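This report concerns only the one structure given below.
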Amino acid sequence: MNISVAIDGPAASGKSTIANIIAHRFNLVYINTGFMYRAVTLMCMRKNIIYTDVKGVCKMTKSLDIRFQKDRILVDGEDITDSIKHPKVSSSVSNYAAISELRKLLVNQQQKMASEYNVIMDGRDISTVVLKDAPLKFFLTASASERARRRCIELNEKNIPAEYDKILDDILKRDYIDSHRAASPLVKSEDAIEIDSSNLSISEVVEIISNYIMKYIEKHNLKSLR
Ligand code: DC
């Protein structure tokens with residue numbers, strides 16, 4: 001029996017940091033679906049394929065070999081994890097992620113991964129579309145100002161220049177596009193547990209989610225996970 005944990009939430013709400021820690025703790029494969037949309041965006045930008053060229057974007061996506069290695073993403077063997085976090089990719093990715101034909105292609109790949117492994121998957125449509133039947137669903141939020149503050153620190157640590165006002169503006173724009181698009185907009189699934197992390201530390205959020213997973217493991221006697 002496969003176990004799937006779904007985490008959705010807006011940009012920079014801490015999903016990836018938390019999912020990564022939980023993955024290690026419970027021996028789950030971590031699939032960062034935002035990385036997949038970012039990977040397609042980066043590869044399209046490199047080849048000058050703009051988001052209005054839906055056929056071009058899909059053709060490019062079908063040709064890519066996307067793989068995860070722990071918290072890194074490899075495309076055609078190249079580790080592009082650092083490049084996809086660049087602000088240029090961040091400010092374009094929502095436009096690509098709004099293409100429904102592209103979403104179908106990536107959702108298929110994500111569902112295939114979840115059928116093969118015990119996964120923790122984060123994104124915007126995991127609870128509502130990709131893993132509708134996941135037994136453990138979480139919706140992680142934080143105020144836009146707190147998310148911008150965290151993203152600035154993260155970028156500065158990687159020596160990528162980051163201005164708070166620009167980052168906040170970008171987060172607000174992405175929130176708007178992600179939650180107003182026609183294809184799988186960001187919404188909280190009715191059966192997801194909402195956690196507002198604005199005033200919580202990473203370890204506090206990890207403990208909350210871990211407790212739910214532990215209860216599920218005990219209830220279903222899934223000892224082999226740990
Ligand atoms: O989580 P992130 O900021 O890395 O996500 C990058 C973009 O991809 C963001 O605009 C939302 C979009 N996305 C999506 O539409 N569906 C997902 N499952 C994951 C990300």
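In the structure tokens, chains take letters A, B, ... by order of appearance, with residues numbered from 1 within each chain and ligands from 1 in the order shown.
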Given only C-alpha atoms and all ligand atoms, how would the per-residue table for chain A near ligand 1 read, listing every residue at most 7 Å away with its closest atom pair and distance in Å to one decimal, sorted by chain and number, as JSON lines?
```
{"residue": "A:Pro10", "atom": "CA", "partner": "ligand 1", "partner_atom_place_in_ligand_line": "1 (O)", "distance": 7.0}
{"residue": "A:Ala11", "atom": "CA", "partner": "ligand 1", "partner_atom_place_in_ligand_line": "3 (O)", "distance": 4.4}
{"residue": "A:Ala12", "atom": "CA", "partner": "ligand 1", "partner_atom_place_in_ligand_line": "3 (O)", "distance": 6.2}
{"residue": "A:Thr33", "atom": "CA", "partner": "ligand 1", "partner_atom_place_in_ligand_line": "19 (C)", "distance": 4.7}
{"residue": "A:Gly34", "atom": "CA", "partner": "ligand 1", "partner_atom_place_in_ligand_line": "20 (C)", "distance": 3.5}
{"residue": "A:Phe35", "atom": "CA", "partner": "ligand 1", "partner_atom_place_in_ligand_line": "4 (O)", "distance": 5.5}
{"residue": "A:Tyr37", "atom": "CA", "partner": "ligand 1", "partner_atom_place_in_ligand_line": "8 (O)", "distance": 5.1}
{"residue": "A:Arg38", "atom": "CA", "partner": "ligand 1", "partner_atom_place_in_ligand_line": "6 (C)", "distance": 5.8}
{"residue": "A:Ser90", "atom": "CA", "partner": "ligand 1", "partner_atom_place_in_ligand_line": "6 (C)", "distance": 6.7}
{"residue": "A:Val93", "atom": "CA", "partner": "ligand 1", "partner_atom_place_in_ligand_line": "10 (O)", "distance": 5.2}
{"residue": "A:Ser94", "atom": "CA", "partner": "ligand 1", "partner_atom_place_in_ligand_line": "10 (O)", "distance": 3.6}
{"residue": "A:Ala97", "atom": "CA", "partner": "ligand 1", "partner_atom_place_in_ligand_line": "15 (O)", "distance": 4.7}
{"residue": "A:Ala98", "atom": "CA", "partner": "ligand 1", "partner_atom_place_in_ligand_line": "15 (O)", "distance": 6.5}
{"residue": "A:Asp122", "atom": "CA", "partner": "ligand 1", "partner_atom_place_in_ligand_line": "18 (N)", "distance": 6.6}
{"residue": "A:Gly123", "atom": "CA", "partner": "ligand 1", "partner_atom_place_in_ligand_line": "18 (N)", "distance": 3.6}
{"residue": "A:Arg124", "atom": "CA", "partner": "ligand 1", "partner_atom_place_in_ligand_line": "18 (N)", "distance": 4.3}
{"residue": "A:Asp125", "atom": "CA", "partner": "ligand 1", "partner_atom_place_in_ligand_line": "18 (N)", "distance": 4.9}
{"residue": "A:Ile126", "atom": "CA", "partner": "ligand 1", "partner_atom_place_in_ligand_line": "18 (N)", "distance": 6.0}
{"residue": "A:Arg174", "atom": "CA", "partner": "ligand 1", "partner_atom_place_in_ligand_line": "10 (O)", "distance": 5.6}
{"residue": "A:Asp178", "atom": "CA", "partner": "ligand 1", "partner_atom_place_in_ligand_line": "11 (C)", "distance": 5.8}
```
Could you write out the selected residues, including N, CA and C atoms, as a CSV table (one decimal), in the first residue's frame?
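Output below, filename result_33.csv:
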```
chain,number,residue,atom,x,y,z
A,10,PRO,N,0.5,28.8,-1.0
A,10,PRO,CA,1.0,29.8,-1.9
A,10,PRO,C,2.5,29.9,-1.9
A,11,ALA,N,3.0,30.7,-2.8
A,11,ALA,CA,4.5,30.9,-3.0
A,11,ALA,C,5.1,31.2,-1.7
A,12,ALA,N,6.3,30.6,-1.4
A,12,ALA,CA,7.1,30.8,-0.3
A,12,ALA,C,6.4,30.6,1.1
A,33,THR,N,6.6,19.8,-7.0
A,33,THR,CA,6.0,20.0,-8.3
A,33,THR,C,6.2,21.4,-8.8
A,34,GLY,N,6.4,22.3,-7.9
A,34,GLY,CA,6.8,23.7,-8.4
A,34,GLY,C,8.1,23.7,-9.2
A,35,PHE,N,9.0,22.8,-8.7
A,35,PHE,CA,10.3,22.6,-9.4
A,35,PHE,C,10.0,22.2,-10.9
A,37,TYR,N,7.3,22.8,-12.8
A,37,TYR,CA,6.9,24.0,-13.6
A,37,TYR,C,8.0,24.9,-13.8
A,38,ARG,N,8.9,25.1,-12.8
A,38,ARG,CA,10.1,26.0,-13.0
A,38,ARG,C,11.0,25.4,-14.0
A,90,SER,N,11.3,32.9,-11.5
A,90,SER,CA,10.1,33.1,-10.6
A,90,SER,C,9.1,34.0,-11.1
A,93,VAL,N,7.2,32.0,-14.2
A,93,VAL,CA,6.7,30.6,-14.1
A,93,VAL,C,5.1,30.5,-14.0
A,94,SER,N,4.5,31.5,-13.3
A,94,SER,CA,3.0,31.4,-13.2
A,94,SER,C,2.4,31.4,-14.6
A,97,ALA,N,2.7,28.0,-15.8
A,97,ALA,CA,1.9,27.0,-15.0
A,97,ALA,C,0.4,27.2,-15.3
A,98,ALA,N,0.0,28.3,-15.9
A,98,ALA,CA,-1.4,28.5,-16.2
A,98,ALA,C,-1.9,27.7,-17.5
A,122,ASP,N,4.5,18.5,-2.9
A,122,ASP,CA,4.0,19.8,-2.7
A,122,ASP,C,3.7,20.6,-3.9
A,123,GLY,N,2.8,21.6,-3.8
A,123,GLY,CA,2.4,22.4,-5.0
A,123,GLY,C,1.2,23.2,-4.7
A,124,ARG,N,0.3,23.3,-5.8
A,124,ARG,CA,-0.9,24.1,-5.6
A,124,ARG,C,-2.1,23.3,-5.8
A,125,ASP,N,-2.0,22.2,-6.5
A,125,ASP,CA,-3.2,21.4,-6.9
A,125,ASP,C,-3.0,19.9,-6.5
A,126,ILE,N,-2.2,19.7,-5.5
A,126,ILE,CA,-1.9,18.3,-5.1
A,126,ILE,C,-3.1,17.7,-4.5
A,174,ARG,N,2.1,36.6,-8.1
A,174,ARG,CA,2.0,35.1,-8.3
A,174,ARG,C,0.8,34.5,-7.6
A,178,ASP,N,-1.9,32.5,-9.6
A,178,ASP,CA,-2.1,31.1,-9.2
A,178,ASP,C,-3.5,30.8,-8.7
```
As a list in words, list the residues of range 24-173 of chain A assigned to strand (DSSP E or B) by DSSP on the backbone atoms of this structure. Val29, Tyr30, Ile31, Asn32, Ile66, Arg67, Phe68, Gln69, Arg72, Ile73, Leu74, Val75, Glu78, Asp79, Val119, Ile120, Met121, Asp122, Gly123, Leu136, Lys137, Phe138, Phe139, Leu140 and Thr141 of chain A
Which one is closest to Lys55 in chain A: A:Glu101, A:Asp71, A:Asp170, A:Asp79? Count only C-alpha atoms.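 Selected residue with least distance to Lys55 in chain A: A:Glu101.
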Students should find that CA of Thr81 in chain A and CA of Val129 in chain A are spaced 24.9 Å
Could you pull the residues within 7 Å of range 162-166 of chain A, counting only C-alpha atoms, minus those fewer than 3 positions along the same chain, as a PDB file with N, CA, C and O atoms, in the first residue's frame?
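Now in around-v5.pdb:
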```pdb
ATOM      1  N   ALA A 148       7.542  37.018   1.922  1.00  0.00           N
ATOM      2  CA  ALA A 148       8.547  37.823   1.197  1.00  0.00           C
ATOM      3  C   ALA A 148       9.826  37.917   2.023  1.00  0.00           C
ATOM      4  O   ALA A 148      10.942  37.824   1.492  1.00  0.00           O
ATOM      5  N   ARG A 149       9.662  38.085   3.333  1.00  0.00           N
ATOM      6  CA  ARG A 149      10.827  38.182   4.216  1.00  0.00           C
ATOM      7  C   ARG A 149      11.657  36.889   4.153  1.00  0.00           C
ATOM      8  O   ARG A 149      12.865  36.907   3.984  1.00  0.00           O
ATOM      9  N   CYS A 152      13.508  36.524   0.774  1.00  0.00           N
ATOM     10  CA  CYS A 152      14.688  37.406   0.694  1.00  0.00           C
ATOM     11  C   CYS A 152      15.883  36.753   1.391  1.00  0.00           C
ATOM     12  O   CYS A 152      16.988  36.731   0.847  1.00  0.00           O
ATOM     13  N   LEU A 155      17.218  33.865  -0.728  1.00  0.00           N
ATOM     14  CA  LEU A 155      17.973  34.300  -1.915  1.00  0.00           C
ATOM     15  C   LEU A 155      19.316  34.896  -1.509  1.00  0.00           C
ATOM     16  O   LEU A 155      20.349  34.616  -2.128  1.00  0.00           O
ATOM     17  N   ASN A 156      19.311  35.713  -0.436  1.00  0.00           N
ATOM     18  CA  ASN A 156      20.568  36.316   0.029  1.00  0.00           C
ATOM     19  C   ASN A 156      21.585  35.250   0.411  1.00  0.00           C
ATOM     20  O   ASN A 156      22.770  35.382   0.119  1.00  0.00           O
ATOM     21  N   ASP A 169       6.123  42.172  -4.167  1.00  0.00           N
ATOM     22  CA  ASP A 169       5.295  42.454  -5.337  1.00  0.00           C
ATOM     23  C   ASP A 169       5.139  41.192  -6.204  1.00  0.00           C
ATOM     24  O   ASP A 169       4.055  40.847  -6.651  1.00  0.00           O
ATOM     25  N   ASP A 170       6.256  40.497  -6.385  1.00  0.00           N
ATOM     26  CA  ASP A 170       6.254  39.271  -7.198  1.00  0.00           C
ATOM     27  C   ASP A 170       5.376  38.192  -6.548  1.00  0.00           C
ATOM     28  O   ASP A 170       4.598  37.507  -7.215  1.00  0.00           O
TER      29      ASP A 170
END
```
Residues of range 3-210 of chain A in helix (DSSP H, G or I), written as a PyMOL selection string:
chain A and resi 15-26+33-46+54-63+83-85+87-97+100-116+126-130+144-157+164-180+202-210
For CA of Ser210 in chain A and CA of Leu136 in chain A, the interatomic separation in Å (one decimal) |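 Interatomic distance, CA of Ser210 in chain A to CA of Leu136 in chain A: 10.6 Å.
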Find the distance between CA of Pro87 in chain A and CA of Ile171 in chain A and write it in Å to one decimal.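 Result for CA of Pro87 in chain A versus CA of Ile171 in chain A: 10.9 Å, one decimal.
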Under the rule that only C-alpha atoms are counted, which of A:Ser115, A:Ser179, A:Ser203, A:Ser92 is the nearest residue to Ala19 in chain A?
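Result for the nearest residue to Ala19 in chain A: A:Ser203.
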Quick one: everything within 10 Å of Val40 in chain A, counting only C-alpha atoms, minus sequence neighbours fewer than 4 positions away in the same chain. Send it as a PyMOL selection string.
chain A and resi 35-36+44-46+57-58+60-62+64+66+75+84+89+93+96-97+102+106
Kindly save the residues from that selection, with all heavy atoms included, as a short mmCIF file (atom, residue, chain, number, x, y, z; two decimals), in the first residue's frame.
```
data_model
loop_
_atom_site.label_atom_id
_atom_site.label_comp_id
_atom_site.auth_asym_id
_atom_site.auth_seq_id
_atom_site.Cartn_x
_atom_site.Cartn_y
_atom_site.Cartn_z
N PHE A 35 9.03 22.79 -8.72
CA PHE A 35 10.30 22.64 -9.45
C PHE A 35 10.04 22.18 -10.89
O PHE A 35 10.76 22.56 -11.80
CB PHE A 35 11.19 21.59 -8.77
CG PHE A 35 12.02 22.12 -7.62
CD1 PHE A 35 11.77 23.35 -7.04
CD2 PHE A 35 13.08 21.35 -7.11
CE1 PHE A 35 12.54 23.82 -5.98
CE2 PHE A 35 13.86 21.82 -6.05
CZ PHE A 35 13.59 23.04 -5.49
N MET A 36 9.01 21.35 -11.06
CA MET A 36 8.74 20.83 -12.41
C MET A 36 8.25 21.97 -13.31
O MET A 36 8.67 22.09 -14.46
CB MET A 36 7.72 19.69 -12.34
CG MET A 36 8.25 18.49 -11.57
SD MET A 36 7.03 17.19 -11.28
CE MET A 36 6.99 16.36 -12.86
N CYS A 44 12.25 26.43 -21.48
CA CYS A 44 11.59 27.24 -22.53
C CYS A 44 12.30 28.58 -22.69
O CYS A 44 12.53 29.04 -23.82
CB CYS A 44 10.11 27.46 -22.20
SG CYS A 44 9.12 25.98 -22.45
N MET A 45 12.67 29.20 -21.57
CA MET A 45 13.36 30.50 -21.66
C MET A 45 14.69 30.36 -22.39
O MET A 45 15.07 31.21 -23.19
CB MET A 45 13.56 31.09 -20.25
CG MET A 45 12.28 31.61 -19.64
SD MET A 45 12.43 31.98 -17.88
CE MET A 45 13.09 33.62 -17.94
N ARG A 46 15.38 29.26 -22.11
CA ARG A 46 16.67 29.03 -22.79
C ARG A 46 16.49 28.91 -24.30
O ARG A 46 17.35 29.26 -25.07
CB ARG A 46 17.31 27.73 -22.28
CG ARG A 46 17.99 27.89 -20.94
CD ARG A 46 18.69 26.58 -20.61
NE ARG A 46 19.31 26.61 -19.30
CZ ARG A 46 19.85 25.54 -18.73
NH1 ARG A 46 19.84 24.37 -19.34
NH2 ARG A 46 20.40 25.64 -17.55
N VAL A 57 5.64 24.83 -26.03
CA VAL A 57 5.90 24.51 -24.62
C VAL A 57 5.67 23.01 -24.39
O VAL A 57 6.48 22.33 -23.73
CB VAL A 57 4.99 25.36 -23.68
CG1 VAL A 57 5.12 24.89 -22.24
CG2 VAL A 57 5.31 26.84 -23.81
N CYS A 58 4.56 22.48 -24.95
CA CYS A 58 4.25 21.06 -24.72
C CYS A 58 5.26 20.15 -25.40
O CYS A 58 5.67 19.13 -24.83
CB CYS A 58 2.84 20.75 -25.21
SG CYS A 58 1.60 21.50 -24.16
N MET A 60 8.37 20.82 -26.05
CA MET A 60 9.59 20.89 -25.23
C MET A 60 9.44 20.02 -23.98
O MET A 60 10.31 19.22 -23.64
CB MET A 60 9.85 22.36 -24.88
CG MET A 60 10.57 22.62 -23.59
SD MET A 60 12.28 22.14 -23.66
CE MET A 60 12.95 23.48 -24.61
N THR A 61 8.27 20.11 -23.32
CA THR A 61 8.05 19.37 -22.06
C THR A 61 8.12 17.86 -22.30
O THR A 61 8.73 17.13 -21.52
CB THR A 61 6.67 19.75 -21.47
OG1 THR A 61 6.65 21.17 -21.31
CG2 THR A 61 6.43 19.07 -20.14
N LYS A 62 7.50 17.41 -23.40
CA LYS A 62 7.51 15.96 -23.70
C LYS A 62 8.91 15.45 -23.94
O LYS A 62 9.20 14.28 -23.73
CB LYS A 62 6.64 15.69 -24.94
CG LYS A 62 5.16 15.70 -24.62
CD LYS A 62 4.36 15.39 -25.87
CE LYS A 62 2.91 15.71 -25.69
NZ LYS A 62 2.22 15.97 -26.94
N LEU A 64 11.58 16.36 -22.35
CA LEU A 64 12.45 16.46 -21.17
C LEU A 64 12.42 15.21 -20.30
O LEU A 64 11.35 14.63 -20.07
CB LEU A 64 12.03 17.66 -20.30
CG LEU A 64 12.07 19.05 -20.95
CD1 LEU A 64 11.52 20.08 -19.98
CD2 LEU A 64 13.50 19.41 -21.36
N ILE A 66 12.72 14.47 -16.67
CA ILE A 66 12.74 15.16 -15.37
C ILE A 66 12.86 14.13 -14.25
O ILE A 66 12.06 13.20 -14.18
CB ILE A 66 11.45 16.00 -15.18
CG1 ILE A 66 11.30 17.02 -16.31
CG2 ILE A 66 11.44 16.67 -13.82
CD1 ILE A 66 10.02 17.85 -16.25
N VAL A 75 17.30 17.70 -15.07
CA VAL A 75 16.63 17.63 -16.36
C VAL A 75 17.65 17.21 -17.40
O VAL A 75 18.69 17.86 -17.55
CB VAL A 75 15.97 18.97 -16.73
CG1 VAL A 75 15.47 18.95 -18.16
CG2 VAL A 75 14.80 19.26 -15.80
N ILE A 84 16.71 27.31 -11.42
CA ILE A 84 15.25 27.51 -11.46
C ILE A 84 14.75 28.42 -10.34
O ILE A 84 13.59 28.82 -10.35
CB ILE A 84 14.47 26.17 -11.41
CG1 ILE A 84 14.80 25.39 -10.14
CG2 ILE A 84 14.70 25.35 -12.67
CD1 ILE A 84 13.88 24.20 -9.91
N VAL A 89 13.14 33.35 -13.49
CA VAL A 89 12.26 32.18 -13.62
C VAL A 89 11.03 32.39 -12.73
O VAL A 89 9.90 32.17 -13.17
CB VAL A 89 13.01 30.88 -13.25
CG1 VAL A 89 12.07 29.68 -13.29
CG2 VAL A 89 14.19 30.65 -14.18
N VAL A 93 7.20 31.96 -14.21
CA VAL A 93 6.68 30.60 -14.08
C VAL A 93 5.14 30.52 -14.00
O VAL A 93 4.53 29.61 -14.54
CB VAL A 93 7.36 29.85 -12.91
CG1 VAL A 93 7.13 30.51 -11.58
CG2 VAL A 93 6.93 28.40 -12.86
N TYR A 96 3.51 30.12 -17.37
CA TYR A 96 3.63 28.77 -17.94
C TYR A 96 2.71 27.80 -17.18
O TYR A 96 2.05 26.95 -17.78
CB TYR A 96 5.09 28.29 -17.89
CG TYR A 96 5.98 29.00 -18.88
CD1 TYR A 96 6.59 30.21 -18.56
CD2 TYR A 96 6.20 28.47 -20.15
CE1 TYR A 96 7.41 30.88 -19.48
CE2 TYR A 96 7.01 29.12 -21.08
CZ TYR A 96 7.61 30.33 -20.73
OH TYR A 96 8.40 30.98 -21.65
N ALA A 97 2.68 27.96 -15.84
CA ALA A 97 1.89 27.03 -15.02
C ALA A 97 0.39 27.18 -15.26
O ALA A 97 -0.39 26.31 -14.87
CB ALA A 97 2.22 27.24 -13.54
N LEU A 102 -0.06 21.93 -20.55
CA LEU A 102 1.19 21.63 -19.85
C LEU A 102 0.88 20.95 -18.52
O LEU A 102 1.53 19.97 -18.13
CB LEU A 102 1.99 22.93 -19.60
CG LEU A 102 3.15 22.80 -18.61
CD1 LEU A 102 4.22 21.86 -19.14
CD2 LEU A 102 3.76 24.16 -18.30
N LEU A 106 2.32 17.34 -16.87
CA LEU A 106 3.07 17.22 -15.61
C LEU A 106 2.28 16.45 -14.55
O LEU A 106 2.86 15.66 -13.80
CB LEU A 106 3.50 18.61 -15.11
CG LEU A 106 4.52 19.34 -16.00
CD1 LEU A 106 4.98 20.64 -15.34
CD2 LEU A 106 5.75 18.48 -16.31
#
```
If you count only C-alpha atoms, the residue of A:Gly9, A:Gly77, A:Asp82, A:Ile22 closest to Lys158 in chain A turns out to be A:Asp82
- Message: Need the shell around range 189-199 of chain A: protein/DNA/RNA residues with any atom at most 8 Å away, counting only C-alpha atoms. Skip same-chain ones fewer than 4 positions apart. Format as a list in words?
- Response: Ser13, Ser127, Thr128, Leu136, Lys137, Phe138, Phe139, Leu140, Thr141, Ala142, Ser143, Glu146 and Val205 of chain A
Ile80 in chain A proximity check over A:Phe68, A:Phe26, A:Val5, A:Asp133, using only C-alpha atoms: winner is A:Phe68
